[in-house]
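Asks: Next comes the structure file query20.cif, holding mmCIF, C-alpha atoms.
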```cif
data_upload
loop_
_atom_site.label_atom_id
_atom_site.label_comp_id
_atom_site.auth_asym_id
_atom_site.auth_seq_id
_atom_site.Cartn_x
_atom_site.Cartn_y
_atom_site.Cartn_z
CA MET S 1 -26.57 -11.46 -17.62
CA GLN S 2 -22.79 -11.73 -17.30
CA ASN S 3 -22.55 -9.21 -20.13
CA HIS S 4 -23.89 -6.54 -17.85
CA LEU S 5 -21.91 -7.46 -14.78
CA THR S 6 -20.69 -4.42 -12.91
CA VAL S 7 -18.18 -4.51 -10.07
CA CYS S 8 -17.50 -1.56 -7.79
CA GLY S 9 -19.63 0.60 -10.03
CA ARG S 10 -17.71 -0.19 -13.22
CA SER S 11 -18.32 -2.33 -16.26
CA TYR S 12 -16.41 -5.59 -15.96
CA GLU S 13 -14.08 -4.56 -18.78
CA ASP S 14 -13.28 -1.24 -17.11
CA PHE S 15 -12.82 -3.08 -13.80
CA LEU S 16 -10.19 -5.36 -15.35
CA THR S 17 -8.43 -2.50 -17.16
CA THR S 18 -8.21 -0.55 -13.91
CA ILE S 19 -6.56 -3.54 -12.26
CA ARG S 20 -4.08 -4.04 -15.10
CA ASN S 21 -3.06 -0.38 -15.16
CA PHE S 22 -2.28 -0.22 -11.46
CA HIS S 23 -1.22 -3.72 -10.51
CA GLY S 24 0.69 -4.45 -13.72
CA TRP S 25 -1.38 -7.46 -14.77
CA ILE S 26 -4.83 -8.87 -14.17
CA ALA S 27 -3.94 -10.86 -11.09
CA PRO S 28 -6.62 -13.35 -9.97
CA GLY S 29 -6.27 -12.19 -6.37
CA VAL S 30 -7.03 -8.58 -7.24
CA VAL S 31 -10.05 -9.59 -9.31
CA ILE S 32 -11.48 -11.68 -6.46
CA GLY S 33 -10.57 -8.77 -4.18
CA GLY S 34 -12.66 -6.46 -6.33
CA PHE S 35 -15.68 -8.71 -5.87
CA MET S 36 -14.96 -8.69 -2.13
CA VAL S 37 -14.83 -4.89 -2.00
CA ASP S 38 -18.04 -4.71 -4.04
CA MET S 39 -19.80 -7.01 -1.59
CA ALA S 40 -18.47 -5.16 1.45
CA GLN S 41 -19.50 -1.81 0.03
CA GLU S 42 -23.04 -3.05 -0.50
CA HIS S 43 -23.26 -4.12 3.14
CA ILE S 44 -21.81 -0.84 4.41
CA GLY S 45 -23.97 1.34 2.21
CA PRO S 46 -23.02 4.35 0.12
CA ASP S 47 -23.28 7.02 2.80
CA VAL S 48 -20.77 5.66 5.27
CA GLU S 49 -17.16 6.83 5.41
CA ALA S 50 -15.40 3.51 5.62
CA ASP S 51 -11.85 2.56 6.54
CA ALA S 52 -10.33 -0.74 5.52
CA ILE S 53 -8.31 -3.54 7.10
CA VAL S 54 -6.76 -6.15 4.84
CA GLU S 55 -5.46 -9.47 6.20
CA THR S 56 -2.77 -10.20 3.62
CA ILE S 57 -0.05 -8.26 1.86
CA ARG S 58 -0.85 -10.09 -1.38
CA CYS S 59 -3.09 -8.59 -4.04
CA LEU S 60 -5.96 -7.55 -1.76
CA PRO S 61 -4.40 -4.21 -0.75
CA ASP S 62 -4.52 -3.16 -4.39
CA ALA S 63 -8.22 -4.02 -4.69
CA ILE S 64 -8.91 -1.79 -1.69
CA GLN S 65 -6.75 1.03 -3.03
CA LEU S 66 -8.35 0.92 -6.48
CA PHE S 67 -12.00 0.63 -5.54
CA THR S 68 -12.30 2.56 -2.27
CA PRO S 69 -10.89 5.94 -1.17
CA CYS S 70 -8.57 4.08 1.23
CA THR S 71 -4.87 3.88 0.36
CA TYR S 72 -1.80 2.72 2.21
CA GLY S 73 -0.32 6.20 2.20
CA ASN S 74 -3.41 8.07 3.38
CA GLY S 75 -3.75 5.76 6.37
CA TRP S 76 -7.33 4.67 5.74
CA MET S 77 -6.20 1.18 4.80
CA LYS S 78 -4.32 -0.91 7.35
CA VAL S 79 -2.66 -4.19 6.41
CA VAL S 80 -2.12 -7.02 8.86
CA ASP S 81 0.23 -9.66 7.53
CA TRP S 82 -1.75 -12.78 8.41
CA ASP S 83 -1.87 -14.32 4.96
CA LYS S 84 -5.64 -14.70 5.13
CA PHE S 85 -7.63 -13.74 2.07
CA ALA S 86 -10.03 -11.44 3.89
CA LEU S 87 -10.84 -7.77 4.26
CA THR S 88 -13.00 -5.58 6.45
CA LEU S 89 -14.67 -2.29 5.62
CA TYR S 90 -15.98 -0.43 8.64
CA ASP S 91 -17.56 2.85 9.60
CA LYS S 92 -14.82 5.21 10.85
CA LYS S 93 -17.12 6.50 13.59
CA THR S 94 -19.02 3.51 14.96
CA LEU S 95 -16.31 0.94 14.05
CA GLU S 96 -19.10 -1.32 12.82
CA GLY S 97 -18.41 -3.03 9.58
CA VAL S 98 -18.36 -6.18 7.56
CA ARG S 99 -15.65 -8.75 7.00
CA VAL S 100 -15.59 -10.57 3.67
CA TRP S 101 -13.40 -13.56 2.83
CA LEU S 102 -12.72 -16.11 0.16
CA ASP S 103 -14.67 -19.10 1.44
CA LEU S 104 -12.75 -22.21 0.45
CA GLU S 105 -15.66 -24.49 1.14
CA LYS S 106 -17.78 -22.54 -1.34
CA SER S 107 -14.90 -22.37 -3.79
CA LYS S 108 -14.91 -26.15 -4.13
CA ARG S 109 -17.79 -25.67 -6.56
CA PHE S 110 -15.26 -23.80 -8.72
CA PRO S 111 -12.28 -26.17 -8.71
CA ASP S 112 -10.03 -23.82 -10.69
CA ILE S 113 -10.31 -21.23 -7.90
CA TYR S 114 -9.87 -23.78 -5.15
CA ASN S 115 -6.86 -25.34 -6.83
CA TRP S 116 -5.32 -21.94 -7.57
CA TYR S 117 -5.66 -20.71 -4.01
CA MET S 118 -4.47 -23.96 -2.45
CA ARG S 119 -1.72 -24.13 -5.08
CA LEU S 120 -2.76 -27.61 -6.11
CA ALA S 121 -2.61 -26.92 -9.86
CA PRO S 122 0.70 -26.34 -11.66
CA LYS S 123 0.54 -23.07 -13.61
CA LYS S 124 0.82 -24.83 -16.95
CA ASP S 125 -2.37 -26.79 -16.23
CA LEU S 126 -4.33 -23.70 -15.24
CA PRO S 127 -3.91 -20.91 -17.79
CA LEU S 128 -4.64 -17.43 -16.51
CA ASP S 129 -7.54 -16.83 -18.91
CA VAL S 130 -9.26 -20.01 -17.76
CA LEU S 131 -8.85 -19.07 -14.11
CA LEU S 132 -10.07 -15.51 -14.74
CA LYS S 133 -13.15 -16.86 -16.49
CA SER S 134 -13.92 -19.06 -13.46
CA ILE S 135 -13.53 -16.05 -11.20
CA GLU S 136 -15.88 -13.98 -13.33
CA VAL S 137 -18.49 -16.72 -13.35
CA ALA S 138 -18.10 -17.36 -9.62
CA GLY S 139 -18.33 -13.71 -8.60
CA ARG S 140 -19.65 -13.55 -5.05
CA HIS S 141 -20.52 -17.25 -4.95
CA VAL S 142 -17.12 -18.02 -3.45
CA LEU S 143 -17.34 -15.30 -0.80
CA SER S 144 -18.75 -15.19 2.72
CA SER S 145 -19.18 -12.33 5.14
CA PHE S 146 -20.24 -11.45 8.65
CA PRO S 147 -20.81 -8.17 10.47
CA VAL S 148 -18.02 -7.15 12.81
CA GLN S 149 -17.10 -4.60 15.41
CA VAL S 150 -13.50 -3.49 14.93
CA VAL S 151 -11.60 -3.46 18.21
CA ARG S 152 -7.98 -2.95 17.09
CA TYR S 153 -5.95 -1.26 14.35
CA HIS S 154 -8.54 1.48 13.83
CA GLY S 155 -7.82 5.16 14.01
CA LYS S 156 -4.82 7.27 13.19
CA ILE S 157 -1.33 6.28 14.16
CA LYS S 158 0.00 9.18 16.15
CA LYS S 159 3.33 10.60 15.15
CA GLY S 160 5.73 10.95 18.05
CA ARG S 161 8.43 13.52 18.67
CA ILE S 162 10.88 14.00 15.81
CA GLU S 163 14.60 14.48 16.38
CA ILE S 164 17.62 14.79 14.15
CA CYS S 165 19.75 11.64 14.22
CA SER S 166 23.29 12.36 15.38
CA GLY S 167 24.54 9.64 13.05
CA CYS S 168 23.06 10.51 9.65
CA GLY S 169 21.55 13.92 10.31
CA GLU S 170 18.13 12.77 9.12
CA ALA S 171 14.86 13.29 10.94
CA TYR S 172 13.68 10.23 12.86
CA PRO S 173 11.27 9.41 15.68
CA ALA S 174 12.90 10.03 19.06
CA SER S 175 11.26 6.82 20.31
CA GLN S 176 13.83 4.78 18.34
CA GLY S 177 16.59 5.78 20.72
CA GLU S 178 19.72 7.90 20.53
CA ARG S 179 20.14 7.20 16.84
CA CYS S 180 17.85 6.11 14.04
CA LEU S 181 17.35 2.43 13.24
CA ALA S 182 19.58 2.63 10.16
CA CYS S 183 22.43 4.07 12.25
CA GLN S 184 21.82 1.28 14.77
CA GLY S 185 22.80 -1.18 12.04
CA LYS S 186 19.26 -2.32 11.24
CA GLY S 187 19.16 -0.77 7.79
CA TYR S 188 18.37 -2.55 4.53
CA TYR S 189 21.14 -0.90 2.56
CA GLU S 190 24.87 -0.34 2.37
CA THR S 191 26.17 2.79 0.73
CA ARG S 192 28.11 2.42 -2.49
CA ALA S 193 31.02 4.57 -3.58
CA MET L 1 10.43 27.83 -16.19
CA GLN L 2 8.07 26.64 -13.44
CA ASN L 3 5.33 26.64 -16.03
CA HIS L 4 7.00 23.79 -17.83
CA LEU L 5 7.90 21.77 -14.79
CA THR L 6 7.34 18.08 -15.31
CA VAL L 7 7.46 15.47 -12.56
CA CYS L 8 7.54 11.74 -13.22
CA GLY L 9 6.90 12.44 -16.88
CA ARG L 10 3.75 14.46 -16.28
CA SER L 11 2.85 18.12 -16.38
CA TYR L 12 2.76 19.55 -12.87
CA GLU L 13 -1.01 19.96 -13.09
CA ASP L 14 -1.52 16.37 -14.16
CA PHE L 15 0.89 15.29 -11.41
CA LEU L 16 -1.22 17.03 -8.77
CA THR L 17 -4.50 15.73 -10.19
CA THR L 18 -3.16 12.18 -10.14
CA ILE L 19 -2.31 12.60 -6.47
CA ARG L 20 -5.70 14.05 -5.59
CA ASN L 21 -7.60 11.28 -7.37
CA PHE L 22 -5.79 8.48 -5.59
CA HIS L 23 -4.82 9.90 -2.23
CA GLY L 24 -7.99 11.91 -1.68
CA TRP L 25 -6.29 15.29 -1.43
CA ILE L 26 -3.08 16.96 -2.51
CA ALA L 27 -1.05 15.98 0.53
CA PRO L 28 2.30 17.77 0.86
CA GLY L 29 4.02 14.49 1.65
CA VAL L 30 2.86 12.84 -1.56
CA VAL L 31 3.93 15.86 -3.63
CA ILE L 32 7.43 15.82 -2.12
CA GLY L 33 7.35 12.05 -2.60
CA GLY L 34 6.69 12.57 -6.30
CA PHE L 35 9.80 14.74 -6.59
CA MET L 36 11.73 12.03 -4.74
CA VAL L 37 10.52 9.32 -7.13
CA ASP L 38 11.35 11.56 -10.09
CA MET L 39 14.90 12.05 -8.81
CA ALA L 40 15.37 8.36 -8.03
CA GLN L 41 14.10 7.34 -11.47
CA GLU L 42 16.59 9.66 -13.13
CA HIS L 43 19.45 8.03 -11.21
CA ILE L 44 18.25 4.50 -11.95
CA GLY L 45 17.63 5.14 -15.62
CA PRO L 46 14.65 4.23 -17.79
CA ASP L 47 15.74 0.71 -18.75
CA VAL L 48 16.03 -0.79 -15.31
CA GLU L 49 13.25 -2.81 -13.68
CA ALA L 50 13.21 -1.26 -10.25
CA ASP L 51 11.66 -2.35 -7.00
CA ALA L 52 10.99 0.10 -4.17
CA ILE L 53 11.47 0.30 -0.43
CA VAL L 54 9.75 3.08 1.48
CA GLU L 55 10.76 4.02 5.03
CA THR L 56 7.48 5.40 6.30
CA ILE L 57 3.83 4.41 6.13
CA ARG L 58 2.86 8.05 5.64
CA CYS L 59 2.22 9.49 2.18
CA LEU L 60 5.36 8.18 0.47
CA PRO L 61 3.88 4.75 -0.35
CA ASP L 62 1.28 6.49 -2.47
CA ALA L 63 3.91 8.43 -4.44
CA ILE L 64 5.64 5.15 -5.25
CA GLN L 65 2.40 3.44 -6.21
CA LEU L 66 1.30 6.30 -8.44
CA PHE L 67 4.53 7.02 -10.27
CA THR L 68 6.25 3.63 -10.53
CA PRO L 69 4.92 0.18 -11.46
CA CYS L 70 5.45 -0.87 -7.82
CA THR L 71 2.40 -1.32 -5.62
CA TYR L 72 1.85 -2.74 -2.17
CA GLY L 73 -0.29 -5.56 -3.52
CA ASN L 74 2.02 -6.66 -6.33
CA GLY L 75 4.92 -6.95 -3.92
CA TRP L 76 7.34 -4.68 -5.74
CA MET L 77 7.04 -2.02 -3.03
CA LYS L 78 8.05 -2.89 0.51
CA VAL L 79 7.30 -0.57 3.41
CA VAL L 80 9.43 -0.44 6.55
CA ASP L 81 7.76 1.50 9.34
CA TRP L 82 10.69 3.66 10.46
CA ASP L 83 9.01 7.02 10.13
CA LYS L 84 11.85 8.35 7.99
CA PHE L 85 10.95 10.35 4.92
CA ALA L 86 13.07 8.34 2.52
CA LEU L 87 12.72 5.85 -0.30
CA THR L 88 14.95 3.59 -2.35
CA LEU L 89 14.53 2.43 -5.93
CA TYR L 90 16.81 -0.42 -6.90
CA ASP L 91 17.50 -2.77 -9.75
CA LYS L 92 15.66 -6.06 -9.07
CA LYS L 93 18.61 -8.05 -10.39
CA THR L 94 21.77 -6.32 -9.15
CA LEU L 95 20.12 -4.83 -6.01
CA GLU L 96 21.96 -1.60 -6.78
CA GLY L 97 19.92 1.49 -6.39
CA VAL L 98 19.56 4.96 -5.03
CA ARG L 99 18.14 6.20 -1.76
CA VAL L 100 16.50 9.65 -1.75
CA TRP L 101 15.39 11.53 1.34
CA LEU L 102 14.00 14.82 2.49
CA ASP L 103 17.12 16.62 3.68
CA LEU L 104 16.12 18.77 6.63
CA GLU L 105 19.31 20.81 6.51
CA LYS L 106 18.55 21.78 2.92
CA SER L 107 14.91 22.39 3.77
CA LYS L 108 15.88 25.18 6.14
CA ARG L 109 16.13 27.37 3.06
CA PHE L 110 12.39 26.73 2.65
CA PRO L 111 11.08 27.39 6.16
CA ASP L 112 7.51 26.39 5.31
CA ILE L 113 8.69 22.90 4.44
CA TYR L 114 10.97 22.65 7.46
CA ASN L 115 8.27 23.88 9.80
CA TRP L 116 5.67 21.59 8.29
CA TYR L 117 7.83 18.49 8.58
CA MET L 118 9.04 19.28 12.08
CA ARG L 119 5.47 20.27 12.98
CA LEU L 120 6.59 23.64 14.23
CA ALA L 121 3.84 25.61 12.49
CA PRO L 122 0.21 25.38 13.59
CA LYS L 123 -1.99 24.52 10.61
CA LYS L 124 -3.77 27.87 10.71
CA ASP L 125 -0.46 29.69 10.21
CA LEU L 126 0.57 27.57 7.27
CA PRO L 127 -2.27 27.23 4.75
CA LEU L 128 -2.03 24.25 2.43
CA ASP L 129 -1.77 26.34 -0.74
CA VAL L 130 1.18 28.28 0.68
CA LEU L 131 2.97 25.09 1.67
CA LEU L 132 2.26 23.48 -1.71
CA LYS L 133 3.69 26.52 -3.48
CA SER L 134 6.88 26.26 -1.41
CA ILE L 135 7.14 22.58 -2.30
CA GLU L 136 6.72 23.34 -6.00
CA VAL L 137 9.40 26.03 -5.87
CA ALA L 138 11.75 23.87 -3.82
CA GLY L 139 11.42 20.80 -6.01
CA ARG L 140 14.59 18.72 -5.65
CA HIS L 141 16.43 21.43 -3.72
CA VAL L 142 15.29 19.89 -0.44
CA LEU L 143 16.31 16.36 -1.40
CA SER L 144 19.53 14.41 -1.09
CA SER L 145 20.50 10.99 -2.38
CA PHE L 146 23.23 8.40 -2.33
CA PRO L 147 23.79 5.15 -4.20
CA VAL L 148 23.03 2.01 -2.21
CA GLN L 149 23.29 -1.73 -2.34
CA VAL L 150 20.14 -3.29 -0.93
CA VAL L 151 20.93 -6.08 1.52
CA ARG L 152 17.54 -6.84 3.09
CA TYR L 153 13.83 -6.79 2.26
CA HIS L 154 14.42 -7.47 -1.42
CA GLY L 155 12.87 -10.33 -3.33
CA LYS L 156 9.60 -12.17 -3.07
CA ILE L 157 8.15 -13.24 0.22
CA LYS L 158 7.57 -16.96 -0.10
CA LYS L 159 4.18 -18.31 0.76
CA GLY L 160 4.31 -21.22 3.19
CA ARG L 161 2.03 -24.21 3.46
CA ILE L 162 -1.66 -23.40 3.66
CA GLU L 163 -4.03 -25.27 5.97
CA ILE L 164 -7.67 -24.99 6.88
CA CYS L 165 -8.12 -23.56 10.37
CA SER L 166 -10.03 -25.90 12.64
CA GLY L 167 -11.57 -22.90 14.38
CA CYS L 168 -13.01 -20.78 11.58
CA GLY L 169 -12.61 -23.07 8.58
CA GLU L 170 -10.67 -20.44 6.68
CA ALA L 171 -7.37 -20.95 4.89
CA TYR L 172 -4.35 -19.78 6.89
CA PRO L 173 -0.59 -20.35 6.90
CA ALA L 174 0.28 -23.52 8.82
CA SER L 175 3.24 -21.68 10.35
CA GLN L 176 0.82 -19.76 12.62
CA GLY L 177 0.15 -22.90 14.66
CA GLU L 178 -2.81 -25.18 15.19
CA ARG L 179 -5.28 -22.40 14.57
CA CYS L 180 -5.17 -19.09 12.75
CA LEU L 181 -4.19 -15.90 14.58
CA ALA L 182 -7.80 -14.70 14.75
CA CYS L 183 -8.87 -17.96 16.43
CA GLN L 184 -5.93 -17.56 18.82
CA GLY L 185 -7.60 -14.38 20.07
CA LYS L 186 -5.32 -11.97 18.24
CA GLY L 187 -7.98 -10.70 15.87
CA TYR L 188 -8.97 -7.09 15.30
CA TYR L 189 -12.71 -7.74 15.27
CA GLU L 190 -15.59 -9.15 17.25
CA THR L 191 -18.54 -10.60 15.41
CA ARG L 192 -21.87 -8.84 15.72
CA ALA L 193 -25.23 -10.53 15.81
#
```
If you took the structure in this file and wrote it as structure tokens, what would it be?

Replies:
Amino acid sequence: MQNHLTVCGRSYEDFLTTIRNFHGWIAPGVVIGGFMVDMAQEHIGPDVEADAIVETIRCLPDAIQLFTPCTYGNGWMKVVDWDKFALTLYDKKTLEGVRVWLDLEKSKRFPDIYNWYMRLAPKKDLPLDVLLKSIEVAGRHVLSSFPVQVVRYHGKIKKGRIEICSGCGEAYPASQGERCLACQGKGYYETRA
Amino acid sequence: MQNHLTVCGRSYEDFLTTIRNFHGWIAPGVVIGGFMVDMAQEHIGPDVEADAIVETIRCLPDAIQLFTPCTYGNGWMKVVDWDKFALTLYDKKTLEGVRVWLDLEKSKRFPDIYNWYMRLAPKKDLPLDVLLKSIEVAGRHVLSSFPVQVVRYHGKIKKGRIEICSGCGEAYPASQGERCLACQGKGYYETRA
């Protein structure tokens, strides 16, 4: 019944459109991420206020931001830059949750997905529409999960004391020292005339 | 002409609704962030493909993600955790751009905004609707900007070689060592029975 597939409470078509509108294109990683969120949400249940931890900066953060209330800017999604294709949704209060990941062993049954993730197929040999079709057919069959207790990275990051930097006059956290990081020469920019 | 105020090409009402739907509530920081994006976009011009750098994990990343094509997951927005209320939009090709920040000196003319940012007003003395009204009236009058040349954090982060972790069997970057970070005991979770 692929025609009636729903992901994260949406029709598959709406699911893909939502991804395109936010992410800019229908990236395979965000689509798989949507299936991961869908699976995690089912484990967690609808009545739990869940926070999210994502283990890669690639694609997955957008799946979380689109299909859960957690965003980067509201602090309910944390990102650890481990380059693992995995995410955890967990109860804010009990810190119990579920971790879901792209299981490469399972993905061997769907060689397009395996080859894409392991970067074994040159892009010209694996057109996007073919890969996306494999992902749709595979759905959760390439995913695994286990229940977890979150022991780090949960909770709010406290804001420290704010001072005015004597260099640039901007507000900055006093914990950075006498001047802000940019005025310490660690900035990412040079001013132009 | 407050009635006809548009921000990032939207009516002010639509602007606020967009923030609420994504961020969960109309957070003052995201609203100011929207004005910052609006100002930066005007400097950059409509024909430039711009990437973004945000200098705080709080609120501002959501303004970028909502009102530009840049998202965390597509890699066009980078976040540096400096706790400064500033953002840069820059031309992907020339790396020339503009940095916009909340100028505290200017914000003294709008004490609600100054007191909110410096956390000088207890929440009960500064109701959200009052603060939001001040932000709407202030608009760009609390912002400053200068042109910049981006010298770090631009461009794509290259993905290194992927291996299968001998501990968990998951894919991980070979650069992390013989096993993935989670299997090295640096994980954020414990498994539950």

Asks: Report, in Å to a single decimal, how far apart atom CA of Ala171 of chain S and atom CA of Val7 of chain L are.

Replies: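 Between these atoms lies a distance of 24.7 Å.
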
Asks: Residues near Met77 of chain S, anyone? I mean within 12 Å using all atoms listed in the file, not counting same-chain ones fewer than 6 positions away, as a PyMOL selection string.

Replies: (chain S and resi 50-57+60-71+87-90+92+153-157) or (chain L and resi 23+57-58+61-62+72)

Asks: Mind running chain S against chain L at 8 Å and telling me each contacting residue's nearest atom pair with the distance in Å (one decimal), counting all atoms listed in the file, chain and number ascending, as CSV?

Replies:
```
residue,atom,partner,partner_atom,distance
S:Phe22,CA,L:Pro69,CA,7.2
S:His23,CA,L:Asn74,CA,6.1
S:Gly24,CA,L:Pro69,CA,6.7
S:Ile57,CA,L:Gly73,CA,6.0
S:Arg58,CA,L:Gly73,CA,5.0
S:Cys59,CA,L:Gly73,CA,4.2
S:Leu60,CA,L:Gly73,CA,6.3
S:Pro61,CA,L:Gly73,CA,5.1
S:Asp62,CA,L:Gly73,CA,4.9
S:Gln65,CA,L:Phe22,CA,7.9
S:Pro69,CA,L:Gly24,CA,6.7
S:Cys70,CA,L:His23,CA,7.7
S:Thr71,CA,L:His23,CA,6.6
S:Tyr72,CA,L:Pro61,CA,6.6
S:Gly73,CA,L:Cys59,CA,4.2
S:Asn74,CA,L:Cys59,CA,5.9
S:Gly75,CA,L:Arg58,CA,7.0
S:Trp82,CA,L:Leu181,CA,7.3
S:Asp83,CA,L:Tyr172,CA,6.3
S:Lys84,CA,L:Tyr172,CA,5.5
S:Phe85,CA,L:Ala171,CA,7.7
S:Asp103,CA,L:Glu170,CA,6.7
S:Leu104,CA,L:Glu170,CA,6.8
S:Met118,CA,L:Ile162,CA,6.7
S:Phe146,CA,L:Thr191,CA,7.0
S:Pro147,CA,L:Arg192,CA,5.4
S:Val148,CA,L:Thr191,CA,4.4
S:Gln149,CA,L:Glu190,CA,5.1
S:Val150,CA,L:Tyr189,CA,4.3
S:Val151,CA,L:Tyr189,CA,5.3
S:Arg152,CA,L:Tyr188,CA,4.6
S:Tyr153,CA,L:Tyr188,CA,6.6
S:Ile162,CA,L:Met118,CA,6.7
S:Glu170,CA,L:Asp103,CA,6.7
S:Ala171,CA,L:Lys84,CA,6.5
S:Tyr172,CA,L:Lys84,CA,5.5
S:Pro173,CA,L:Asp83,CA,6.5
S:Leu181,CA,L:Trp82,CA,7.3
S:Gly187,CA,L:Arg152,CA,7.8
S:Tyr188,CA,L:Arg152,CA,4.6
S:Tyr189,CA,L:Val150,CA,4.3
S:Glu190,CA,L:Gln149,CA,5.2
S:Thr191,CA,L:Val148,CA,4.4
S:Arg192,CA,L:Val148,CA,5.1
S:Ala193,CA,L:Pro147,CA,7.3
```

Asks: Give me the residues within 8 Å of segment 129-144 of chain S as a VMD selection string, counting all atoms listed in the file and dropping any in the same chain fewer than 6 places off.

Replies: chain S and resid 2 28 31 to 32 35 to 36 39 100 to 104 106 to 107 110 112 to 113 116

Asks: Provide the atom CA of Leu120 of chain S to atom CA of Ser175 of chain L distance in Å, to one decimal place.

Replies: 18.5 Å

Asks: Just checking: using only C-alpha atoms, which residue out of L:His43, L:His4, L:Ile19, L:Thr94 ends up closest to Ser145 of chain L?

Replies: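 Of all the options, L:His43 lies closest to Ser145 of chain L.
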
Asks: Pick from S:Glu13, S:Asp81, S:Asp91, S:Lys123: nearest to Gln41 of chain S, with all atoms listed in the file counted?

Replies: S:Asp91

Asks: From the list L:Asp47, L:Cys165, L:Gly185, L:Tyr114, which residue is nearest Leu126 of chain L when using all atoms listed in the file?

Replies: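 Residue with the minimum atom-to-atom distance to Leu126 of chain L: L:Tyr114.
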
Asks: Could you please determine the separation between atom CA of Ile26 of chain S and atom CA of Ser11 of chain S in Å, to one decimal place?

Replies: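 Rounded to one decimal, the two atoms are 15.1 Å apart.
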